[in-house]
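Below is one structure, written out as structure tokens; comments come after it.
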Amino acid sequence: MTTVIIDYESGNLHSAEKAFQRMAGEVGAGAVTVTSDPDTVRRADRIVLPGDGAFPACRAQLFDHRGLFEAMEEVVIAGGKPFLGICIGMQMLATRGLEYEETPGFDWVSGTVTRIAPADPALKVPHMGWNDLVIDQPHPVFDGIETGHHAYFVHSYHMLVDDPAQLLAHVDYGGPVTAVVGRDNILGMQFHPEKSQATGLRMIGNFLRWTP
């Protein structure tokens, strides 16, 4: 059993790697490898796509690694292996992003990534820090997690999903802000589970045990 964390030079992967390795050891989920090699991705049992920065730059960076997206698509869409996108890695799942310029996403979860617009002008963007999750749909990733448990966010944009059934959790920040999306074998978390202490570690462990 192997989990791969995709390295496309978009952010520091050290904390994510350590958190996934820790939880893989606790739940008996096998090895965790950081890779940019398409063949390693094809052999993986689970895929994690992290990311920091702007949507267009991250997409360009990912597609600069020749064959990497195609390998992910083969494993996740054709092969049905569990997938988790984190932060920009979650936003990439959308149909399109509107940060700086309209940019196509993977279109794995139908929706649009748009700027957060809090109703309260005192709330600053980016949305940064701890916020309480509101669970909208039951999912195995929430085993042991309840509404009110908090996670750590750093972002200015979020995904508006077209199908409400694919919005699994949100937070309130002058209005609803998407926190977790998913369908079939695909999950996305806008927050950083590796920085979200007990809640985030529990959700990483749940993902590593998940058999969609």
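Ligands are numbered from 1 in the order shown, residues from 1 within each chain, and chains are lettered A, B, ... in the order they appear in the structure tokens.
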
### Query
Quick one: DSSP helix (DSSP H, G or I) residues in region 17-74 of chain A, as a PyMOL selection string?
chain A and resi 17-27+38-42+55-64+68-74

Give one line per residue of region 7-116 of chain A that approaches region 184-193 of chain A to at most 10 Å, naming the two atoms of the closest pair and their distance in Å to one decimal, counting only C-alpha atoms; sort by chain then ascending residue number and deliver it as CSV.
```
residue,atom,partner,partner_atom,distance
A:Ser15,CA,A:His192,CA,9.9
A:Ala16,CA,A:Pro193,CA,8.2
A:Ala19,CA,A:Pro193,CA,8.5
A:Phe20,CA,A:Pro193,CA,9.7
A:Arg46,CA,A:Asn185,CA,9.9
A:Ile47,CA,A:Ile186,CA,9.6
A:Val48,CA,A:Gly188,CA,9.5
A:Leu49,CA,A:Gly188,CA,9.1
A:Pro50,CA,A:His192,CA,8.9
A:Gly51,CA,A:His192,CA,9.9
A:Val76,CA,A:Asn185,CA,7.5
A:Ile77,CA,A:Asn185,CA,8.5
A:Gly79,CA,A:Asn185,CA,9.8
A:Gly80,CA,A:Asn185,CA,6.1
A:Lys81,CA,A:Asn185,CA,6.4
A:Pro82,CA,A:Asn185,CA,4.8
A:Phe83,CA,A:Ile186,CA,4.9
A:Leu84,CA,A:Leu187,CA,4.8
A:Gly85,CA,A:Gly188,CA,4.5
A:Ile86,CA,A:Met189,CA,5.0
A:Cys87,CA,A:Gln190,CA,4.3
A:Ile88,CA,A:Gln190,CA,7.3
A:Gly89,CA,A:Gly188,CA,7.4
A:Met90,CA,A:Gly188,CA,4.4
A:Gln91,CA,A:Gln190,CA,7.5
A:Met92,CA,A:Gly188,CA,9.2
A:Leu93,CA,A:Gly188,CA,7.7
A:Trp108,CA,A:Ile186,CA,8.1
A:Val109,CA,A:Ile186,CA,8.4
```

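The gap separating CA of Tyr8 (chain A) from CA of Met23 (chain A) is 22.8 Å, in Å to one decimal.
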
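If you look at CA of His127 (chain A) and CA of Phe153 (chain A), they are 6.6 Å away from each other.
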
### Message
Show me, as a ChimeraX atom specification, the residues that have an atom within 9 Å of Trp210 (chain A) when counting only C-alpha atoms, minus same-chain residues fewer than 3 positions from it.
### Response
/A:82,140-141,205-207

### Query
Within 8 Å of Gly97 (chain A), counting only C-alpha atoms, which residues qualify if same-chain residues fewer than 5 places away don't, as a count of residues only?
11

### Query
To one decimal place, how far is CA of Phe63 (chain A) from CA of Tyr157 (chain A) in Å?
21.0 Å

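The shortest atom-to-atom distance to Val125 (chain A), with only C-alpha atoms taken into account, belongs to A:Val177 out of A:Ile5, A:Ala60, A:Val177, A:Val34.
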
### Task
Can you work out which one of A:Leu133, A:Leu123, A:Ile6, A:Ala44 has the shortest atom-to-atom distance to Val171 (chain A), counting only C-alpha atoms?
A:Leu133

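When only C-alpha atoms are used to compute distances to Gly30 (chain A), the closest of the residues A:Asp172, A:Asp45, A:Asp162, A:Glu101 turns out to be A:Asp45.
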
### Message
Would you pick out the contacts of region 168-170 of chain A at 9 Å or less, using only C-alpha atoms, so that residues sharing its chain but fewer than 2 positions from it are not included, and give the list as a ChimeraX atom specification?
### Response
/A:132-139,147,164-166,172,176-182
